[in-house]
$ cat run02.txt   # compact mmCIF, C-alpha atoms
# COMPACT_ATOMS: atom_id res chain seq x y z
CA MET E 1 0.51 13.31 -12.42
CA SER E 2 -2.91 13.36 -10.77
CA ALA E 3 -5.34 10.45 -10.87
CA ASP E 4 -7.46 12.37 -13.38
CA GLU E 5 -4.52 12.68 -15.78
CA ILE E 6 -3.56 9.01 -15.90
CA GLU E 7 -3.76 7.64 -19.41
CA ASN E 8 -5.80 4.47 -19.15
CA ILE E 9 -5.11 1.31 -21.13
CA SER E 10 -6.64 1.90 -24.54
CA ASN E 11 -9.23 -0.12 -26.51
CA ARG E 12 -10.54 -2.11 -23.56
CA PRO E 13 -13.14 -4.68 -24.66
CA GLU E 14 -16.39 -4.18 -22.77
CA ALA E 15 -16.72 -7.96 -22.34
CA LEU E 16 -13.85 -7.98 -19.85
CA TYR E 17 -15.83 -5.91 -17.34
CA SER E 18 -17.89 -9.04 -16.61
CA ILE E 19 -14.78 -10.58 -14.99
CA PRO E 20 -14.99 -10.45 -11.16
CA PHE E 21 -12.95 -7.62 -9.58
CA TYR E 22 -12.04 -6.16 -12.97
CA LYS E 23 -12.90 -2.75 -11.50
CA ASP E 24 -13.69 -1.38 -8.03
CA MET E 25 -11.84 -4.14 -6.22
CA PRO E 26 -12.50 -4.36 -2.45
CA ASN E 27 -9.87 -2.76 -0.21
CA LEU E 28 -8.39 -6.03 1.05
CA PRO E 29 -4.78 -7.21 1.43
CA VAL E 30 -3.23 -8.39 -1.86
CA LYS E 31 -1.01 -11.43 -2.45
CA ILE E 32 0.74 -11.67 -5.84
CA ASP E 33 1.72 -15.16 -7.01
CA LEU E 34 5.16 -14.39 -8.41
CA GLU E 35 6.82 -17.78 -8.22
CA GLY E 36 3.86 -19.64 -9.65
CA MET E 37 3.71 -17.34 -12.67
CA ALA E 38 7.33 -16.48 -13.26
CA GLY E 39 9.06 -19.72 -12.33
CA ASP E 40 12.63 -20.17 -11.12
CA PHE E 41 14.26 -17.53 -13.30
CA LEU E 42 12.19 -14.42 -12.72
CA SER E 43 11.23 -15.08 -9.10
CA SER E 44 14.92 -15.62 -8.21
CA ASP E 45 15.90 -12.60 -10.29
CA ILE E 46 13.86 -10.14 -8.23
CA ALA E 47 13.88 -11.96 -4.89
CA ASP E 48 17.02 -10.17 -3.66
CA LEU E 49 16.00 -6.66 -4.75
CA PHE E 50 15.68 -5.26 -1.25
CA GLY E 51 17.81 -3.29 1.18
CA LEU E 52 20.99 -1.67 -0.14
CA GLN E 53 21.90 -2.66 -3.68
CA PRO E 54 23.69 -4.05 -5.52
CA ILE E 55 25.11 -6.69 -3.17
CA GLU E 56 28.91 -6.57 -3.32
CA LYS E 57 31.13 -9.35 -2.01
CA GLU E 58 32.76 -7.28 0.75
CA HIS E 59 29.29 -6.35 2.04
CA LEU E 60 27.99 -9.91 1.69
CA ASP E 61 30.82 -11.10 3.92
CA THR E 62 29.58 -8.85 6.76
CA TYR E 63 26.30 -10.79 7.06
CA GLY E 64 25.70 -14.16 8.62
CA GLU E 65 23.92 -16.97 6.82
CA ILE E 66 20.95 -14.74 5.96
CA ILE E 67 21.08 -11.36 4.21
CA THR E 68 18.73 -9.03 6.07
CA ILE E 69 16.81 -6.06 4.69
CA ASN E 70 18.52 -3.74 7.14
CA PRO E 71 22.27 -3.49 6.44
CA SER E 72 24.75 -4.88 8.96
CA LYS E 73 26.78 -2.43 11.04
CA GLU E 74 29.94 -3.47 9.20
CA SER E 75 28.26 -2.88 5.84
CA LEU E 76 27.13 0.59 6.94
CA GLU E 77 30.71 1.48 7.85
CA LEU E 78 31.94 0.40 4.42
CA TYR E 79 29.35 2.66 2.77
CA LYS E 80 30.31 5.55 5.06
CA LYS E 81 33.96 5.14 4.17
CA ARG E 82 33.13 5.25 0.46
CA ASP E 83 30.62 8.10 0.95
CA ASP E 84 27.85 6.51 -1.14
CA SER E 85 24.59 8.21 -2.02
CA PHE E 86 21.47 6.16 -2.76
CA GLN E 87 18.39 6.37 -4.94
CA MET E 88 15.18 4.80 -3.66
CA VAL E 89 13.79 2.40 -6.28
CA PHE E 90 10.41 0.64 -6.19
CA LEU E 91 9.64 -2.73 -7.78
CA VAL E 92 6.13 -2.10 -9.12
CA ILE E 93 3.84 -4.94 -10.21
CA ASN E 94 0.65 -4.77 -12.27
CA ALA E 95 -1.60 -7.77 -11.79
CA TYR E 96 -4.67 -9.57 -13.14
CA GLY E 97 -6.90 -12.53 -12.25
CA PHE E 98 -7.98 -11.28 -8.83
CA LYS E 99 -9.75 -13.82 -6.60
CA GLU E 100 -10.79 -13.41 -2.98
CA ILE E 101 -9.67 -16.23 -0.68
CA ASP E 102 -10.24 -15.89 3.07
CA GLY E 103 -10.23 -12.09 2.99
CA VAL E 104 -7.13 -11.79 0.78
CA MET E 105 -7.09 -10.83 -2.90
CA HIS E 106 -4.88 -13.33 -4.75
CA CYS E 107 -3.62 -12.37 -8.20
CA LYS E 108 -0.95 -12.93 -10.84
CA PRO E 109 1.57 -10.47 -12.32
CA TYR E 110 1.39 -9.30 -15.94
CA ASN E 111 4.01 -6.55 -15.70
CA ILE E 112 7.01 -5.77 -13.50
CA SER E 113 8.74 -2.38 -13.60
CA LEU E 114 11.35 -0.45 -11.67
CA PHE E 115 10.36 3.07 -10.69
CA PRO E 116 12.41 5.71 -8.83
CA ALA E 117 11.01 7.53 -5.82
CA SER E 118 10.51 11.26 -6.24
CA LYS E 119 9.35 14.26 -4.25
CA ARG E 120 7.75 17.37 -5.77
CA GLY E 121 8.81 16.25 -9.22
CA GLU E 122 12.46 15.65 -8.29
CA LEU E 123 14.35 12.36 -7.88
CA THR E 124 15.31 11.67 -4.28
CA SER E 125 18.83 10.95 -3.02
CA LEU E 126 19.76 9.65 0.44
CA LYS E 127 23.06 9.55 2.33
CA ILE E 128 24.09 6.62 4.50
CA ASP E 129 23.71 8.62 7.77
CA LEU E 130 19.98 8.97 7.11
CA ILE E 131 19.61 5.35 6.00
CA GLU E 132 21.24 4.21 9.22
CA LYS E 133 18.29 5.69 11.15
CA TYR E 134 15.72 4.15 8.78
CA ASP E 135 14.14 0.76 9.59
CA LEU E 136 13.94 -0.80 6.13
CA GLU E 137 12.53 -4.05 7.46
CA MET E 138 9.59 -2.27 9.12
CA ASP E 139 9.01 -0.16 6.01
CA ALA E 140 8.84 -3.30 3.86
CA LYS E 141 5.72 -4.38 5.75
CA VAL E 142 3.84 -1.16 4.96
CA PRO E 143 1.48 -1.42 1.94
CA LYS E 144 2.37 0.94 -0.91
CA LEU E 145 0.84 1.43 -4.35
CA TYR E 146 0.35 3.79 -7.26
CA TYR E 147 -3.28 4.65 -7.87
CA GLY E 148 -2.93 4.38 -11.61
CA PHE E 149 0.09 2.79 -13.28
CA ASN E 150 -0.12 2.19 -17.03
CA PRO E 151 2.88 0.02 -18.01
CA PHE E 152 2.23 0.46 -21.73
CA LYS E 153 2.45 4.26 -21.56
CA GLY E 154 4.66 4.88 -18.53
CA ALA E 155 1.83 6.88 -16.96
CA PHE E 156 1.51 6.89 -13.18
CA GLY E 157 -0.80 8.42 -10.61
CA LEU E 158 -0.94 9.11 -6.89
CA TYR E 159 1.55 7.27 -4.65
CA MET E 160 -0.23 5.84 -1.59
CA TYR E 161 1.70 4.86 1.55
CA ASN E 162 0.06 2.75 4.26
CA SER E 163 -3.31 3.35 2.65
CA VAL E 164 -5.26 1.51 -0.02
CA ASP E 165 -8.08 2.62 -2.30
CA TYR E 166 -9.05 0.47 -5.26
CA SER E 167 -12.34 2.22 -6.02
CA GLY E 168 -13.10 3.79 -9.38
CA ILE E 169 -10.19 2.17 -11.20
CA GLU E 170 -9.58 -1.02 -13.20
CA SER E 171 -7.59 -3.48 -11.10
CA ASP E 172 -4.95 -3.93 -13.83
CA MET E 173 -4.14 -0.21 -13.52
CA ILE E 174 -3.05 -0.45 -9.87
CA GLY E 175 0.74 -0.45 -9.42
CA PHE E 176 1.54 -2.54 -6.34
CA VAL E 177 4.94 -1.78 -4.76
CA ASN E 178 6.26 -5.28 -4.10
CA ASN E 179 9.82 -4.37 -3.02
CA MET E 180 11.93 -1.29 -2.45
CA TYR E 181 15.70 -1.04 -2.64
CA LEU E 182 18.31 1.70 -2.24
CA LEU E 183 20.68 1.95 -5.21
CA SER E 184 24.29 2.91 -4.52
CA ASP E 185 26.05 5.39 -6.81
CA LYS E 186 29.58 4.09 -6.10
CA TYR E 187 29.39 0.31 -6.29
CA ASN E 188 32.07 -1.83 -7.96
CA TYR E 189 30.50 -3.83 -10.80
CA HIS E 190 33.19 -6.53 -10.67
CA ASN E 191 32.42 -7.21 -6.99
CA VAL E 192 28.65 -7.59 -7.45
CA VAL E 193 27.28 -11.02 -6.50
CA PRO E 194 24.38 -12.05 -8.77
CA PRO E 195 21.60 -14.34 -7.52
CA PHE E 196 21.86 -18.08 -8.09
CA ILE E 197 19.44 -19.22 -10.78
CA LYS E 198 19.38 -22.95 -11.32
CA SER E 199 17.96 -22.90 -14.86
CA ILE E 200 20.94 -20.95 -16.28
CA ASP E 201 23.70 -22.15 -13.93
CA ASN E 202 25.23 -24.46 -16.56
CA SER E 203 25.49 -21.76 -19.22
CA PRO E 204 28.44 -19.39 -18.57
CA GLN E 205 27.58 -17.08 -21.48
CA VAL E 206 23.94 -16.73 -20.45
CA LYS E 207 25.09 -15.96 -16.90
CA ALA E 208 27.49 -13.30 -18.21
CA ASP E 209 24.75 -11.72 -20.34
CA TYR E 210 22.43 -11.78 -17.35
CA LYS E 211 24.94 -10.10 -15.00
CA LYS E 212 25.48 -7.27 -17.50
CA TYR E 213 21.72 -6.91 -17.94
CA ARG E 214 21.23 -6.42 -14.20
CA LYS E 215 23.94 -3.74 -14.17
CA ASP E 216 22.37 -1.84 -17.07
CA ARG E 217 18.76 -2.30 -16.04
CA TYR E 218 18.54 -2.65 -12.24
CA PHE E 219 21.65 -0.86 -11.04
CA LYS E 220 21.92 2.09 -13.42
CA LYS E 221 21.15 5.43 -11.80
CA PHE E 222 17.81 6.95 -12.81
CA SER E 223 18.02 10.34 -14.47
CA LYS E 224 14.28 10.70 -15.15
CA ILE E 225 11.07 9.89 -13.28
CA LYS E 226 10.23 7.17 -15.75
CA PRO E 227 9.58 3.41 -15.24
CA ARG E 228 11.96 0.76 -16.52
CA LYS E 229 10.18 -2.37 -17.64
CA ILE E 230 11.65 -5.69 -16.49
CA TRP E 231 9.12 -8.24 -17.67
CA GLY E 232 5.56 -8.68 -18.83
CA CYS E 233 3.01 -8.21 -21.58
CA ASP E 234 4.22 -6.01 -24.42
CA SER E 235 0.84 -4.65 -25.50
CA PRO E 236 -2.76 -4.21 -24.34
CA ILE E 237 -4.00 -6.94 -26.72
CA GLU E 238 -1.79 -9.45 -24.91
CA LEU E 239 -3.21 -8.34 -21.57
CA PHE E 240 -6.79 -8.62 -22.85
CA LEU E 241 -6.24 -12.17 -24.10
CA LEU E 242 -4.47 -13.07 -20.85
CA GLN E 243 -7.42 -11.82 -18.79
CA ALA E 244 -9.89 -13.69 -20.99
CA MET E 245 -7.86 -16.90 -20.76
CA ASP E 246 -7.69 -16.56 -16.99
CA SER E 247 -11.50 -16.32 -16.87
CA LEU E 248 -11.54 -19.78 -18.49
CA GLY E 249 -9.01 -21.17 -16.02
CA LEU E 250 -6.01 -20.98 -18.39
CA THR E 251 -2.68 -19.76 -16.99
CA PRO E 252 0.17 -19.58 -19.52
CA GLU E 253 3.73 -18.40 -19.12
CA ILE E 254 4.15 -14.79 -20.30
CA GLN E 255 6.77 -13.61 -22.82
CA THR E 256 8.84 -16.77 -23.10
CA ILE E 257 12.01 -17.19 -25.17
CA ILE E 258 12.11 -20.60 -26.87
CA THR E 259 15.51 -21.91 -28.00
CA GLU E 260 16.60 -24.51 -30.53
CA ASP E 261 17.38 -27.05 -27.80
CA GLY E 262 13.98 -26.55 -26.17
CA LEU E 263 15.17 -24.34 -23.29
CA THR E 264 12.58 -21.76 -22.25
CA VAL E 265 13.36 -18.65 -20.20
CA PRO E 266 11.37 -15.49 -19.45
CA SER E 267 12.00 -12.76 -21.99
CA LEU E 268 13.25 -10.08 -19.64
CA HIS E 269 12.97 -6.65 -21.24
CA LYS E 270 16.29 -5.64 -22.88
CA LEU E 271 18.00 -8.97 -22.02
CA TRP E 272 19.13 -10.89 -25.11
CA GLU E 273 17.56 -8.24 -27.35
CA ASN E 274 20.52 -7.85 -29.70
CA SER E 275 21.26 -10.35 -32.47
CA ARG E 276 24.60 -11.49 -31.03
CA SER E 277 23.22 -12.49 -27.64
CA ARG E 278 20.20 -14.14 -29.26
CA ARG E 279 22.50 -16.21 -31.47
CA ARG E 280 24.47 -17.31 -28.41
CA LEU E 281 21.22 -18.32 -26.75
CA LYS E 282 20.10 -20.03 -30.02
CA ALA E 283 16.71 -18.35 -29.67
CA ILE E 284 13.99 -19.27 -32.16
CA THR E 285 11.42 -16.72 -31.02
CA ASP E 286 9.67 -14.99 -28.13
CA ALA E 287 6.20 -16.42 -27.59
CA ASP E 288 3.66 -14.00 -26.14
CA PHE E 289 2.24 -16.91 -24.14
CA TYR E 290 3.41 -20.48 -23.66
CA PHE E 291 1.78 -23.58 -22.20
CA PRO E 292 4.76 -25.85 -21.39
CA GLU E 293 2.71 -28.95 -20.50
CA LYS E 294 1.01 -28.94 -23.91
CA LYS E 295 3.91 -27.27 -25.78
CA LEU E 296 1.61 -24.65 -27.25
CA ALA E 297 3.00 -21.20 -28.14
CA ILE E 298 0.54 -18.32 -28.58
CA PHE E 299 1.30 -15.23 -30.68
CA CYS E 300 -0.85 -12.09 -30.59
CA ASP E 301 -0.23 -10.64 -34.04
CA SER E 302 -1.16 -7.16 -35.16
CA LYS E 303 -2.25 -7.14 -38.77
CA GLU E 304 -0.09 -4.07 -39.35
CA HIS E 305 3.14 -5.95 -38.58
CA HIS E 306 2.28 -9.46 -39.73
CA SER E 307 0.51 -9.11 -43.09
CA SER E 308 3.41 -8.33 -45.45
CA THR E 309 4.91 -11.12 -47.56
CA GLU E 310 8.17 -10.85 -45.64
CA SER E 311 6.40 -11.12 -42.26
CA ILE E 312 4.30 -14.08 -43.39
CA VAL E 313 7.41 -15.96 -44.53
CA LYS E 314 9.19 -15.12 -41.26
CA ASP E 315 6.23 -16.34 -39.17
CA ARG E 316 6.04 -19.57 -41.17
CA ASN E 317 9.73 -20.23 -40.63
CA ILE E 318 9.31 -19.67 -36.88
CA ASP E 319 6.34 -22.04 -36.80
CA LYS E 320 8.38 -24.64 -38.71
CA SER E 321 11.35 -24.34 -36.33
CA LEU E 322 9.05 -24.70 -33.33
CA ALA E 323 7.35 -27.75 -34.88
CA GLU E 324 10.76 -29.40 -35.29
CA ILE E 325 11.18 -29.40 -31.49
CA GLY E 326 7.59 -30.46 -30.88
CA ILE E 327 5.99 -27.08 -30.18
CA VAL E 328 2.69 -26.05 -31.80
CA SER E 329 2.05 -22.40 -32.79
CA LEU E 330 -1.27 -20.59 -32.58
CA ARG E 331 -1.55 -17.06 -34.00
CA ILE E 332 -4.41 -14.72 -33.11
CA TYR E 333 -4.93 -11.27 -34.62
CA GLY E 334 -5.10 -8.31 -32.28
CA LYS E 335 -8.26 -6.97 -33.91
CA ASP E 336 -10.01 -10.25 -33.09
CA ILE E 337 -8.88 -10.03 -29.46
CA VAL E 338 -10.23 -6.48 -29.11
CA ALA E 339 -13.50 -7.48 -30.81
CA ASP E 340 -14.10 -10.60 -28.67
CA PRO E 341 -11.35 -11.64 -26.23
CA LEU E 342 -13.46 -14.43 -24.70
CA ALA E 343 -14.00 -16.05 -28.11
CA CYS E 344 -10.25 -15.91 -28.73
CA ALA E 345 -9.59 -17.46 -25.31
CA THR E 346 -12.03 -20.23 -26.21
CA ILE E 347 -9.98 -20.93 -29.36
CA VAL E 348 -6.91 -21.35 -27.15
CA ARG E 349 -8.77 -23.65 -24.76
CA ASP E 350 -10.05 -25.79 -27.65
CA ARG E 351 -6.56 -26.08 -29.15
CA LEU E 352 -5.14 -27.13 -25.79
CA SER E 353 -7.77 -29.85 -25.48
CA GLU E 354 -6.69 -31.25 -28.86
CA LEU E 355 -3.04 -31.60 -27.82

$ encode --input "run02.txt" --output "structure tokens"
Amino acid sequence: MSADEIENISNRPEALYSIPFYKDMPNLPVKIDLEGMAGDFLSSDIADLFGLQPIEKEHLDTYGEIITINPSKESLELYKKRDDSFQMVFLVINAYGFKEIDGVMHCKPYNISLFPASKRGELTSLKIDLIEKYDLEMDAKVPKLYYGFNPFKGAFGLYMYNSVDYSGIESDMIGFVNNMYLLSDKYNYHNVVPPFIKSIDNSPQVKADYKKYRKDRYFKKFSKIKPRKIWGCDSPIELFLLQAMDSLGLTPEIQTIITEDGLTVPSLHKLWENSRSRRRLKAITDADFYFPEKKLAIFCDSKEHHSSTESIVKDRNIDKSLAEIGIVSLRIYGKDIVADPLACATIVRDRLSEL
């Protein structure tokens, strides 16, 4: 898909163009604050998505204390013996809130997707003999991006390697390649070693759900050149409010599951989406935005889906359940966000100051 064919994010409020670096960002190095935005869960979740994946115990044992991006010689031999093939997968991040600090553009993520590498419209596949000659660690230092990456439509533009050009495009439409990993087609699921995540370590069922999610989402072979969403804003109205809040110095958590016992975890796309897993987690709701210090949950409601009698009763019950654990709800209609996102962000700021 050429840059001219990229479907842009729809219904952009004109007021947002007054935000610095909203469009035509300078061609400077970019640093994305993942840990600060995503916390322990999400930052740990994607931290090990590099090199050859998934990490199996027999391969882990061939490394020393540190797992390197380039595979060990012993690990390469194990792959050769099994005759694995690999898909190249990019971890693509869309960001917002760009600020220049000492010649570097600092920003925050609003969407994280997995996207398979392709060539001339075909998915690529690599054998271990070629990977053995490839310096993955050196490649990881090379800047890569998609000039145009719309996470709400799955639209993508030109892939740029070791070259940057941010001109003529909104900064939230740039898909920054944060990591790249090579996905094996012959791994043993039962031998996969998941990352340690402190916030869920005491919950065996949550850990089991999470391991299955990674298998189905991160380590499932791609059959189409189509992004897989991991985390982030679910709609443009959420992004618009997020950008407006950031302009007022407000930085909430994005897409947060809130449970009956007060536990909050990022709502990873497709994780805990079925009713059984949500019951096990004792989830009350998914807040579009959450301010943990003030215990304020923000919901961006479309009138289409939240104006029926049934929806109103459901929303009231959610608000009541949240109030019982000390969390305040604030609901803002999508039409109001599109009409005046800065006014809506001011409502959030005023409510925070009251708490």

$ residues_around --input "run02.txt" --residues "range 129-137 of chain E" --least-positions-apart "2" --cutoff "10 Å" --atoms "only C-alpha atoms" --output "list in words"
Phe50, Gly51, Leu52, Thr68, Ile69, Asn70, Pro71, Ser72, Lys73, Leu76, Glu77, Tyr79, Lys80, Asp83, Ser85, Phe86, Leu126, Lys127, Asp139, Ala140, Lys141, Val142, Met180, Tyr181 and Leu182 of chain E

$ atom_distance --input "run02.txt" --atom1 "CA of Thr256 in chain E" --atom2 "CA of Phe176 in chain E"
23.2 Å

$ residues_around --input "run02.txt" --residues "Pro143 in chain E" --least-positions-apart "4" --cutoff "8 Å" --atoms "all atoms listed in the file" --output "list in words"
Tyr161, Asn162, Ser163, Val164 and Val177 of chain E

$ write_last_selection --input "run02.txt" --atoms "C-alpha atoms" --output "PDB file, keeping the file's coordinate frame"
ATOM      1  CA  TYR E 161       1.700   4.860   1.550  1.00  0.00           C
ATOM      2  CA  ASN E 162       0.060   2.750   4.260  1.00  0.00           C
ATOM      3  CA  SER E 163      -3.310   3.350   2.650  1.00  0.00           C
ATOM      4  CA  VAL E 164      -5.260   1.510  -0.020  1.00  0.00           C
ATOM      5  CA  VAL E 177       4.940  -1.780  -4.760  1.00  0.00           C
TER       6      VAL E 177
END

$ closest_atom_pairs --input "run02.txt" --of "range 239-333 of chain E" --to "range 14-38 of chain E" --cutoff "8 Å" --atoms "all atoms listed in the file" --output "tab-separated table"
residue	atom	partner	partner_atom	distance
E:Phe240	CA	E:Leu16	CA	7.7
E:Gln243	CA	E:Leu16	CA	7.6
E:Ala244	CA	E:Leu16	CA	7.0
E:Ser247	CA	E:Ile19	CA	6.9
E:Glu253	CA	E:Met37	CA	6.5
E:Ile254	CA	E:Ala38	CA	7.9
E:Pro266	CA	E:Ala38	CA	7.5

$ residues_around --input "run02.txt" --residues "Ala345 in chain E" --least-positions-apart "2" --cutoff "8 Å" --atoms "all atoms listed in the file" --output "PyMOL selection string"
chain E and resi 241+244-245+248+341-343+347-349

$ closest_residue --input "run02.txt" --among "E:Phe289, E:Leu49, E:Asp234, E:Ile332" --to "Cys344 in chain E" --atoms "only C-alpha atoms"
E:Ile332

$ atom_distance --input "run02.txt" --atom1 "CA of Asn202 in chain E" --atom2 "CA of His190 in chain E"
20.5 Å

$ closest_atom_pairs --input "run02.txt" --of "range 149-228 of chain E" --to "range 278-288 of chain E" --cutoff "12 Å" --atoms "all atoms listed in the file" --output "CSV"
residue,atom,partner,partner_atom,distance
E:Ile200,CA,E:Leu281,CA,10.8
E:Ser203,CA,E:Leu281,CA,9.3
E:Pro204,CA,E:Arg280,CA,10.8
E:Gln205,CA,E:Arg280,CA,7.6
E:Val206,CA,E:Leu281,CA,7.0
E:Lys207,CA,E:Leu281,CA,10.8
E:Ala208,CA,E:Arg280,CA,11.4
E:Asp209,CA,E:Arg280,CA,9.8
E:Tyr210,CA,E:Leu281,CA,11.5

$ closest_residue --input "run02.txt" --among "E:Phe115, E:Phe98, E:Tyr110, E:Tyr159" --to "Tyr218 in chain E" --atoms "all atoms listed in the file"
E:Phe115

$ residues_around --input "run02.txt" --residues "Asp172 in chain E" --least-positions-apart "3" --cutoff "6 Å" --atoms "all atoms listed in the file" --output "count of residues only"
3

$ closest_residue --input "run02.txt" --among "E:Glu100, E:Phe299, E:Ala117, E:Phe90" --to "Ser223 in chain E" --atoms "all atoms listed in the file"
E:Ala117

$ closest_residue --input "run02.txt" --among "E:Gly154, E:Met160, E:Lys198, E:Val313" --to "Pro227 in chain E" --atoms "all atoms listed in the file"
E:Gly154

$ atom_distance --input "run02.txt" --atom1 "CA of Lys215 in chain E" --atom2 "CA of Leu145 in chain E"
25.6 Å

$ closest_residue --input "run02.txt" --among "E:Val89, E:Leu239, E:Val265, E:Lys153" --to "Ile337 in chain E" --atoms "only C-alpha atoms"
E:Leu239

$ closest_residue --input "run02.txt" --among "E:Leu60, E:Ile128, E:Val104, E:Leu183" --to "Arg82 in chain E" --atoms "only C-alpha atoms"
E:Ile128
